[in-house]
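> Structure file input15.cif (mmCIF, C-alpha atoms and all ligand atoms) is given on the next line.
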```
data_coords
loop_
_atom_site.label_atom_id
_atom_site.label_comp_id
_atom_site.auth_asym_id
_atom_site.auth_seq_id
_atom_site.Cartn_x
_atom_site.Cartn_y
_atom_site.Cartn_z
CA MET A 1 -61.05 -45.09 13.20
CA LYS A 2 -61.06 -41.34 13.88
CA VAL A 3 -58.00 -39.34 14.85
CA ILE A 4 -58.44 -36.79 17.63
CA LEU A 5 -55.95 -33.97 17.07
CA GLY A 6 -54.45 -33.36 20.50
CA PRO A 7 -53.48 -29.68 20.89
CA ALA A 8 -49.83 -30.60 21.56
CA SER A 9 -49.51 -32.64 18.33
CA THR A 10 -52.01 -31.16 15.87
CA GLN A 11 -49.69 -31.27 12.84
CA LEU A 12 -48.43 -34.76 13.58
CA GLY A 13 -52.02 -35.96 14.11
CA GLN A 14 -53.03 -34.45 10.76
CA LYS A 15 -50.16 -36.22 8.99
CA VAL A 16 -51.06 -39.54 10.61
CA ALA A 17 -54.74 -39.12 9.60
CA GLU A 18 -53.71 -38.29 6.01
CA LEU A 19 -51.58 -41.43 5.77
CA LEU A 20 -54.45 -43.53 7.17
CA LYS A 21 -57.08 -41.68 5.13
CA ALA A 22 -58.92 -41.38 8.45
CA GLU A 23 -61.34 -38.69 9.56
CA THR A 24 -59.98 -36.20 12.07
CA VAL A 25 -61.68 -34.83 15.16
CA PRO A 26 -60.58 -31.21 15.66
CA VAL A 27 -60.21 -30.04 19.24
CA THR A 28 -60.86 -26.65 20.78
CA SER A 29 -58.58 -26.00 23.69
CA LYS A 30 -57.92 -23.10 25.99
CA THR A 31 -56.46 -22.25 29.36
CA PHE A 32 -58.71 -20.49 31.82
CA PRO A 33 -57.39 -17.36 33.58
CA ASP A 34 -56.66 -19.44 36.68
CA GLY A 35 -54.50 -21.86 34.67
CA GLU A 36 -56.96 -24.75 34.28
CA SER A 37 -57.19 -26.58 30.93
CA TYR A 38 -60.30 -26.93 28.78
CA VAL A 39 -60.89 -29.15 25.72
CA ARG A 40 -63.86 -29.83 23.46
CA LEU A 41 -64.20 -32.39 20.65
CA GLU A 42 -65.52 -30.62 17.58
CA SER A 43 -67.06 -33.65 15.85
CA LYS A 44 -68.88 -36.82 16.80
CA VAL A 45 -67.13 -39.92 18.17
CA GLN A 46 -70.22 -41.98 19.06
CA ASP A 47 -69.51 -45.72 18.52
CA GLU A 48 -66.08 -44.94 17.06
CA GLU A 49 -62.69 -46.37 17.89
CA VAL A 50 -60.62 -43.23 18.36
CA VAL A 51 -56.94 -42.46 18.43
CA ILE A 52 -55.71 -39.43 20.37
CA VAL A 53 -52.36 -38.09 19.16
CA GLN A 54 -50.92 -35.98 21.96
CA THR A 55 -47.31 -35.65 23.01
CA THR A 56 -46.47 -34.72 26.60
CA SER A 57 -43.22 -32.81 26.15
CA PRO A 58 -42.55 -29.74 28.33
CA PRO A 59 -44.69 -28.22 29.73
CA GLN A 60 -45.70 -31.79 30.59
CA ASP A 61 -48.42 -31.29 33.17
CA PRO A 62 -50.94 -29.26 31.10
CA LYS A 63 -50.39 -31.60 28.15
CA LEU A 64 -51.03 -34.66 30.32
CA ILE A 65 -54.18 -33.08 31.69
CA GLN A 66 -55.32 -32.28 28.12
CA LEU A 67 -54.74 -35.93 27.19
CA ALA A 68 -56.75 -37.14 30.18
CA LEU A 69 -59.55 -34.66 29.42
CA LEU A 70 -59.63 -35.76 25.77
CA ALA A 71 -59.91 -39.43 26.77
CA ASP A 72 -62.72 -38.53 29.16
CA ALA A 73 -64.50 -36.43 26.50
CA ALA A 74 -64.20 -39.26 23.97
CA LYS A 75 -65.66 -41.88 26.32
CA ARG A 76 -68.39 -39.53 27.60
CA ASN A 77 -69.40 -38.87 24.01
CA GLY A 78 -69.74 -42.55 23.17
CA ALA A 79 -66.34 -43.63 21.81
CA LYS A 80 -66.02 -47.41 22.00
CA LYS A 81 -62.26 -47.48 22.47
CA VAL A 82 -59.56 -44.89 23.11
CA TRP A 83 -56.01 -45.50 21.89
CA ALA A 84 -53.58 -42.85 23.09
CA ILE A 85 -50.57 -42.20 20.87
CA VAL A 86 -48.12 -40.35 23.09
CA PRO A 87 -44.88 -39.77 21.17
CA TYR A 88 -42.98 -38.34 24.14
CA LEU A 89 -44.27 -40.00 27.28
CA ALA A 90 -43.56 -37.64 30.17
CA TYR A 91 -42.38 -38.92 33.55
CA ALA A 92 -41.09 -42.17 31.99
CA ARG A 93 -37.60 -41.61 33.42
CA GLN A 94 -38.95 -41.80 37.00
CA ASP A 95 -39.80 -45.48 36.60
CA LYS A 96 -38.58 -46.59 40.03
CA SER A 97 -37.78 -45.13 43.43
CA PHE A 98 -34.16 -44.08 43.03
CA LEU A 99 -34.10 -42.52 46.50
CA GLU A 100 -36.19 -43.33 49.56
CA GLY A 101 -39.43 -41.36 49.74
CA GLU A 102 -39.87 -40.87 45.98
CA ALA A 103 -42.97 -41.59 43.88
CA ILE A 104 -42.89 -43.85 40.82
CA SER A 105 -44.17 -41.04 38.65
CA ILE A 106 -44.82 -42.99 35.45
CA GLU A 107 -47.13 -45.40 37.28
CA THR A 108 -49.13 -42.47 38.66
CA VAL A 109 -49.45 -41.05 35.14
CA ALA A 110 -50.61 -44.41 33.75
CA ASN A 111 -53.22 -44.78 36.50
CA ILE A 112 -54.59 -41.28 35.81
CA LEU A 113 -54.91 -42.07 32.10
CA LYS A 114 -56.67 -45.36 32.86
CA VAL A 115 -59.27 -43.65 35.04
CA ALA A 116 -59.74 -40.96 32.37
CA GLY A 117 -60.69 -43.56 29.75
CA VAL A 118 -57.53 -44.64 27.89
CA ASP A 119 -57.78 -48.30 26.80
CA ARG A 120 -54.45 -48.64 25.07
CA LEU A 121 -51.28 -46.57 24.71
CA THR A 122 -48.40 -46.42 22.26
CA ALA A 123 -45.33 -44.31 22.95
CA VAL A 124 -42.22 -43.74 20.87
CA ASN A 125 -38.85 -44.83 22.32
CA VAL A 126 -40.09 -44.78 25.87
CA HIS A 127 -37.14 -44.57 28.23
CA GLN A 128 -37.46 -48.17 29.55
CA GLU A 129 -39.74 -50.55 27.68
CA LYS A 130 -40.22 -52.76 30.75
CA THR A 131 -42.04 -49.87 32.49
CA LEU A 132 -44.99 -50.38 30.13
CA ALA A 133 -45.59 -53.92 31.35
CA ARG A 134 -46.83 -52.44 34.64
CA PHE A 135 -49.43 -50.18 32.97
CA PRO A 136 -53.09 -50.92 33.77
CA PHE A 137 -53.89 -51.28 30.03
CA PRO A 138 -51.97 -52.65 27.02
CA ALA A 139 -49.06 -50.33 26.25
CA ASN A 140 -46.15 -50.57 23.85
CA THR A 141 -43.37 -48.52 22.37
CA VAL A 142 -42.14 -48.19 18.81
CA SER A 143 -38.69 -47.04 17.73
CA ALA A 144 -37.96 -44.03 15.56
CA ILE A 145 -34.23 -44.82 15.44
CA PRO A 146 -34.38 -46.55 12.01
CA LEU A 147 -36.16 -43.44 10.59
CA LEU A 148 -33.43 -41.18 12.01
CA ALA A 149 -30.71 -43.46 10.65
CA GLU A 150 -32.37 -43.46 7.20
CA HIS A 151 -32.33 -39.64 7.32
CA PHE A 152 -28.54 -39.68 7.70
CA LYS A 153 -28.19 -42.36 5.01
CA ARG A 154 -30.11 -40.13 2.61
CA LYS A 155 -27.75 -37.27 3.47
CA GLY A 156 -24.98 -39.45 2.02
CA LEU A 157 -22.86 -39.90 5.14
CA GLU A 158 -20.40 -42.69 4.31
CA LYS A 159 -20.66 -45.53 6.85
CA PRO A 160 -20.60 -43.31 9.94
CA PHE A 161 -19.66 -44.78 13.32
CA VAL A 162 -22.64 -44.84 15.68
CA LEU A 163 -22.05 -43.91 19.32
CA ALA A 164 -24.42 -44.49 22.23
CA PRO A 165 -23.59 -41.89 24.90
CA ASP A 166 -24.32 -44.40 27.69
CA LYS A 167 -24.88 -48.13 27.98
CA GLY A 168 -28.64 -47.65 28.26
CA ALA A 169 -28.67 -46.21 24.73
CA LEU A 170 -26.63 -49.07 23.24
CA HIS A 171 -29.75 -50.84 21.93
CA LEU A 172 -30.62 -47.62 20.06
CA GLY A 173 -27.10 -47.45 18.63
CA GLU A 174 -27.40 -51.04 17.47
CA GLN A 175 -30.68 -50.27 15.68
CA ALA A 176 -29.00 -47.36 13.90
CA GLU A 177 -25.96 -49.44 13.03
CA LYS A 178 -28.18 -51.95 11.22
CA VAL A 179 -29.02 -49.16 8.77
CA LEU A 180 -25.71 -47.28 8.67
CA ARG A 181 -23.21 -50.20 8.83
CA GLY A 182 -20.20 -48.25 10.07
CA GLY A 183 -19.66 -49.82 13.49
CA CYS A 184 -21.07 -49.01 16.89
CA GLY A 185 -19.81 -48.32 20.40
CA TYR A 186 -20.91 -46.87 23.71
CA LEU A 187 -19.61 -44.80 26.60
CA ASP A 188 -20.00 -45.31 30.33
CA LYS A 189 -21.96 -42.52 32.00
CA GLN A 190 -22.92 -41.92 35.61
CA ARG A 191 -25.41 -39.31 36.79
CA ASP A 192 -25.42 -37.90 40.31
CA ARG A 193 -28.99 -38.50 41.50
CA HIS A 194 -28.89 -35.40 43.72
CA THR A 195 -27.23 -32.78 41.48
CA GLY A 196 -28.12 -34.30 38.08
CA GLN A 197 -24.48 -33.87 36.99
CA VAL A 198 -23.19 -36.23 34.35
CA HIS A 199 -19.78 -37.93 34.39
CA THR A 200 -18.74 -39.90 31.29
CA GLU A 201 -15.55 -42.00 31.21
CA LYS A 202 -13.17 -41.53 28.30
CA LYS A 203 -12.35 -44.82 26.60
CA THR A 204 -10.69 -46.11 23.46
CA LEU A 205 -12.97 -46.06 20.44
CA ASP A 206 -11.98 -46.47 16.80
CA VAL A 207 -13.23 -43.06 15.66
CA LYS A 208 -10.06 -41.19 14.62
CA GLY A 209 -10.73 -39.41 11.30
CA LYS A 210 -14.26 -40.84 11.13
CA THR A 211 -17.72 -39.31 10.96
CA VAL A 212 -19.63 -40.20 14.11
CA ILE A 213 -23.35 -39.93 14.88
CA ILE A 214 -24.37 -39.96 18.54
CA PHE A 215 -27.81 -41.56 18.96
CA ASP A 216 -29.90 -41.06 22.11
CA ASP A 217 -33.58 -41.16 23.04
CA ILE A 218 -33.80 -37.77 24.75
CA ILE A 219 -31.79 -34.58 24.81
CA SER A 220 -32.86 -32.63 27.86
CA THR A 221 -30.17 -30.37 29.34
CA GLY A 222 -27.69 -31.58 26.71
CA SER A 223 -25.12 -32.66 29.33
CA THR A 224 -25.02 -36.28 28.11
CA ILE A 225 -24.34 -35.26 24.51
CA VAL A 226 -21.85 -32.52 25.46
CA ALA A 227 -19.81 -35.03 27.49
CA ALA A 228 -19.86 -37.57 24.62
CA ALA A 229 -18.98 -34.99 21.96
CA LYS A 230 -16.01 -33.72 24.01
CA ILE A 231 -14.64 -37.26 24.24
CA LEU A 232 -15.11 -37.74 20.48
CA ARG A 233 -13.16 -34.51 19.87
CA GLU A 234 -10.32 -35.76 22.08
CA LEU A 235 -10.36 -39.02 20.12
CA GLU A 236 -10.03 -36.95 16.90
CA ALA A 237 -13.32 -37.84 15.25
CA LYS A 238 -13.61 -35.97 11.92
CA LYS A 239 -17.24 -34.87 12.10
CA ILE A 240 -19.87 -35.35 14.80
CA TYR A 241 -23.65 -35.40 14.27
CA VAL A 242 -26.34 -35.94 16.89
CA ALA A 243 -29.63 -37.80 16.45
CA CYS A 244 -32.32 -38.03 19.08
CA VAL A 245 -35.97 -39.01 19.14
CA HIS A 246 -37.13 -36.41 21.66
CA PRO A 247 -35.34 -33.06 21.27
CA LEU A 248 -36.49 -31.38 24.48
CA LEU A 249 -33.44 -29.07 24.31
CA ILE A 250 -34.03 -27.35 27.64
CA GLY A 251 -32.44 -23.91 28.16
CA ASP A 252 -29.20 -23.47 26.22
CA ALA A 253 -28.79 -27.21 25.50
CA GLU A 254 -28.62 -26.69 21.74
CA LYS A 255 -25.95 -23.99 21.97
CA ARG A 256 -23.87 -26.05 24.40
CA ILE A 257 -23.97 -29.01 22.02
CA ILE A 258 -23.15 -26.98 18.90
CA ASP A 259 -20.33 -25.22 20.80
CA THR A 260 -18.56 -28.59 21.18
CA GLY A 261 -18.22 -28.66 17.38
CA VAL A 262 -21.25 -30.83 16.56
CA GLU A 263 -22.29 -30.27 12.91
CA GLU A 264 -26.03 -30.79 13.33
CA ILE A 265 -28.70 -32.06 15.70
CA VAL A 266 -31.53 -34.04 14.14
CA GLY A 267 -34.69 -34.87 16.09
CA THR A 268 -38.25 -35.98 15.39
CA ASP A 269 -41.58 -34.19 15.64
CA SER A 270 -42.26 -36.02 18.89
CA VAL A 271 -41.34 -32.59 20.22
CA SER A 272 -41.93 -29.59 18.02
CA SER A 273 -38.59 -27.85 17.47
CA HIS A 274 -36.54 -26.48 14.59
CA VAL A 275 -34.38 -29.62 14.80
CA SER A 276 -37.48 -31.84 14.29
CA LYS A 277 -36.49 -32.85 10.76
CA VAL A 278 -37.86 -36.40 10.82
CA SER A 279 -41.60 -37.02 11.11
CA LEU A 280 -42.97 -39.87 13.19
CA ALA A 281 -46.16 -39.98 11.09
CA PRO A 282 -45.23 -43.06 8.96
CA LEU A 283 -44.14 -44.99 12.04
CA ILE A 284 -47.35 -44.18 13.93
CA ALA A 285 -49.59 -44.85 10.92
CA LYS A 286 -47.95 -48.25 10.45
CA GLU A 287 -48.52 -49.09 14.11
CA LEU A 288 -52.20 -48.13 13.87
CA VAL A 289 -52.96 -50.41 10.93
CA GLN A 290 -51.24 -53.50 12.35
C1 LIG A 301 -30.86 -40.96 30.02
O1 LIG A 301 -30.26 -41.97 30.29
C2 LIG A 301 -31.36 -40.63 28.66
O2 LIG A 301 -31.20 -41.66 27.75
C3 LIG A 301 -30.69 -39.37 28.13
O3 LIG A 301 -29.33 -39.64 27.89
C4 LIG A 301 -30.84 -38.26 29.09
O4 LIG A 301 -32.15 -38.15 29.52
C5 LIG A 301 -30.39 -36.96 28.48
O5 LIG A 301 -30.47 -35.96 29.46
P1 LIG A 301 -29.53 -34.70 29.39
O6 LIG A 301 -29.66 -34.10 28.02
O7 LIG A 301 -30.06 -33.79 30.47
O8 LIG A 301 -28.14 -35.16 29.70
#
```
Could you rewrite the structure in this file as structure tokens?


Amino acid sequence: MKVILGPASTQLGQKVAELLKAETVPVTSKTFPDGESYVRLESKVQDEEVVIVQTTSPPQDPKLIQLALLADAAKRNGAKKVWAIVPYLAYARQDKSFLEGEAISIETVANILKVAGVDRLTAVNVHQEKTLARFPFPANTVSAIPLLAEHFKRKGLEKPFVLAPDKGALHLGEQAEKVLRGGCGYLDKQRDRHTGQVHTEKKTLDVKGKTVIIFDDIISTGSTIVAAAKILRELEAKKIYVACVHPLLIGDAEKRIIDTGVEEIVGTDSVSSHVSKVSLAPLIAKELVQ
């Protein structure tokens, strides 16, 4: 197995290859003056099973095109099988038509990757696992939540309460609770499909005087976490931490979250950011050897 170092995840790809003791395939990439993407594989892949490690965090579109071009280049140059490791799978939140006239974006993305040459795909904490069942090739998701929870355990936080900021994140909270053992709860959140505004209901939670960690898959604008942190403040939580797999942190999201009194945001290297304190490399390497 050779690991193709996608330009969006070069360091993560290197770490995965080191753990697997696998050869890497460096990639030259550039953007032409008109904005088009270019990639070139810098070593041979003939008759190899290859893995492409390439996240598709913002800016999503050029990274998706790079991934498709890399799959095409691998197949054209004789690779037997292409396994795409896509830590942050872009467009996964548009997994149905919420409003009349919309596309199902994630299905379009999957079809593009299939045509390009992808035979199999693994994502990390994809927004809805059931989406992957409709992909035109085998696709699965692995969870980085236990790794994030272990990070907080190592920090010595004493049985923190785990909060899911909406019901959809409850399964993530439950995974974290299995490691942290301090109880778990969730909030009820609604999002206006037209404005994107978030409304979270305040409810009774046993968090007074406790350390709480909010676990979510994605932080985008930060509105979900800000709403949850404000409620925790009102409920007199002692300290609030935030853990997320994909720290997109668009615009001033980080500042807005920290301004609510959150101690720290911890993310993974699914998205390269200064809050990416937990590496996905062991999780991905384990998946590749199964
Ligand atoms: C949605 O349900 C996701 O799990 C996240 O809660 C959401 O994508 C976060 O978005 P934002 O940071 O913009 O509130």

> From the list A:Leu64, A:Val124, A:Leu41, A:Ala92, which residue is nearest A:Ile284 when using only C-alpha atoms?

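When distances to A:Ile284 are compared using only C-alpha atoms, the smallest one comes from A:Val124.
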
> Is it possible to get the axis-aligned box enclosing stretch 174-183 of chain A (all listed atoms, 6 Å extra per side) as JSON, with centre and edge lengths in Å rounded to one decimal?


```
{"center_x": -25.2, "center_y": -49.6, "center_z": 13.1, "size_x": 23.0, "size_y": 16.7, "size_z": 20.8}
```

> Can you work out which one of A:Lys80, A:His151, A:Lys189, A:Lys255 has the shortest atom-to-atom distance to A:Gly267, counting all atoms listed in the file?

A:His151

> For atom CA of A:Glu129 and atom CA of A:Arg93, determine how far apart the two atoms are, in Å to one decimal place.

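Spanning atom CA of A:Glu129 to atom CA of A:Arg93 is a straight-line distance of 10.8 Å.
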
> Go through the chains and note each residue within 8 Å of ligand LIG 301 (chain A), using only C-alpha atoms and all ligand atoms, then give the set as a list in words.

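The neighbouring residues of ligand LIG 301 (chain A) are, in order, Arg93, His127, Pro165, Asp166, Gly168, Ala169, Gly196, Val198, Asp216, Asp217, Ile218, Ile219, Ser220, Thr221, Gly222, Ser223, Thr224, Ile225, Leu249 and Ala253 of chain A.
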
> Give me, please, the distance in Å between atom CA of A:Ser43 and atom CA of A:Leu121, quoted to one decimal.

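Pair atom CA of A:Ser43 / atom CA of A:Leu121 returns 22.2 Å.
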
> Of the residues A:Arg191, A:Arg40, A:Arg154, A:Arg120, which is the one nearest to A:Gln66, using only C-alpha atoms?

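Closest residue, counting only C-alpha atoms: A:Arg40.
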
> Considering only C-alpha atoms, state which residue in the set A:Ala228, A:Gln290, A:Ala84, A:His194 is at the smallest distance from A:Phe98.

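Residue with the minimum atom-to-atom distance to A:Phe98: A:His194.
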
> One decimal, in Å: what's the spacing between atom CA of A:Gly35 and atom CA of A:Leu70?

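Here the two named atoms are 17.3 Å from each other.
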
> For A:Glu174, which residue out of A:Gln128, A:Ser97, A:Ser143, A:Thr122 is the nearest one, using only C-alpha atoms?

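Looking only at the distances to A:Glu174, the closest residue turns out to be A:Ser143.
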
> Determine the nearest neighbour of A:Thr211 from the options A:Glu254, A:Gln175, A:Ala229, A:Pro160, counting all atoms listed in the file.

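Going through A:Glu254, A:Gln175, A:Ala229, A:Pro160 one by one, the smallest distance to A:Thr211 is for A:Pro160.
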
> Using only C-alpha atoms, list the residues that have an atom at most 6 Å from (-30.7, -36.9, 15.5), coordinates as in the file, as a PyMOL selection string.

chain A and resi 242-244+265-267

> Residues at most 12 Å from A:Thr31, counting all atoms listed in the file, excluding those fewer than 6 positions away in the same chain, as a list in words?

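My reading of the contact set: Pro7, Ser37, Tyr38, Val39, Pro62, Lys63, Ile65 and Gln66 of chain A.
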
> Pull C-alpha atoms from the residues just selected and write them as a PDB file, in the coordinates of the input.


```
ATOM      1  CA  PRO A   7     -53.480 -29.680  20.890  1.00  0.00           C
ATOM      2  CA  SER A  37     -57.190 -26.580  30.930  1.00  0.00           C
ATOM      3  CA  TYR A  38     -60.300 -26.930  28.780  1.00  0.00           C
ATOM      4  CA  VAL A  39     -60.890 -29.150  25.720  1.00  0.00           C
ATOM      5  CA  PRO A  62     -50.940 -29.260  31.100  1.00  0.00           C
ATOM      6  CA  LYS A  63     -50.390 -31.600  28.150  1.00  0.00           C
ATOM      7  CA  ILE A  65     -54.180 -33.080  31.690  1.00  0.00           C
ATOM      8  CA  GLN A  66     -55.320 -32.280  28.120  1.00  0.00           C
TER       9      GLN A  66
END
```

> Please list as a ChimeraX atom specification every residue within 7 Å of A:Ala281, counting all atoms listed in the file and excluding residues in the same chain fewer than 2 positions away.

/A:12,15-16,279,283-285

> Residues of stretch 32-77 of chain A that approach stretch 106-115 of chain A to 9 Å or less, counting only C-alpha atoms: could you list each one with the shortest pair of atoms and its distance in Å to one decimal, rows by chain and increasing residue number, as CSV?


```
residue,atom,partner,partner_atom,distance
A:Leu64,CA,A:Val109,CA,8.2
A:Leu67,CA,A:Leu113,CA,7.9
A:Ala68,CA,A:Leu113,CA,5.6
A:Ala71,CA,A:Leu113,CA,7.8
A:Asp72,CA,A:Val115,CA,8.5
```

> Counting only C-alpha atoms, note down every residue that has an atom within 12 Å of the point (-27.6, -33.6, 11.7) (file coordinates), as JSON, numbers by chain.

{"A": [148, 149, 150, 151, 152, 153, 154, 155, 156, 157, 211, 212, 213, 214, 215, 239, 240, 241, 242, 243, 244, 257, 258, 262, 263, 264, 265, 266, 267, 268, 274, 275, 276, 277, 278]}

> Which residues are close to A:Gly6, i.e. within 9 Å by all atoms listed in the file, leaving aside same-chain residues fewer than 3 positions away? Reply as a list in words.

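These residues fall inside the cut-off: Val3, Ser9, Thr10, Gly13, Pro26, Val27, Ile52, Val53, Gln54, Thr55, Lys63, Gln66, Leu67 and Leu70 of chain A.
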
> Which neighbours of A:Val289 fall inside 12 Å, counting all atoms listed in the file, when residues of the same chain fewer than 6 positions from it are skipped, and could you give them as a list of chain:residue names?

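Contacts, with the query itself left out: A:Met1, A:Val16, A:Ala17, A:Leu19, A:Leu20, A:Lys21, A:Ala22, A:Val51, A:Pro282, A:Leu283.
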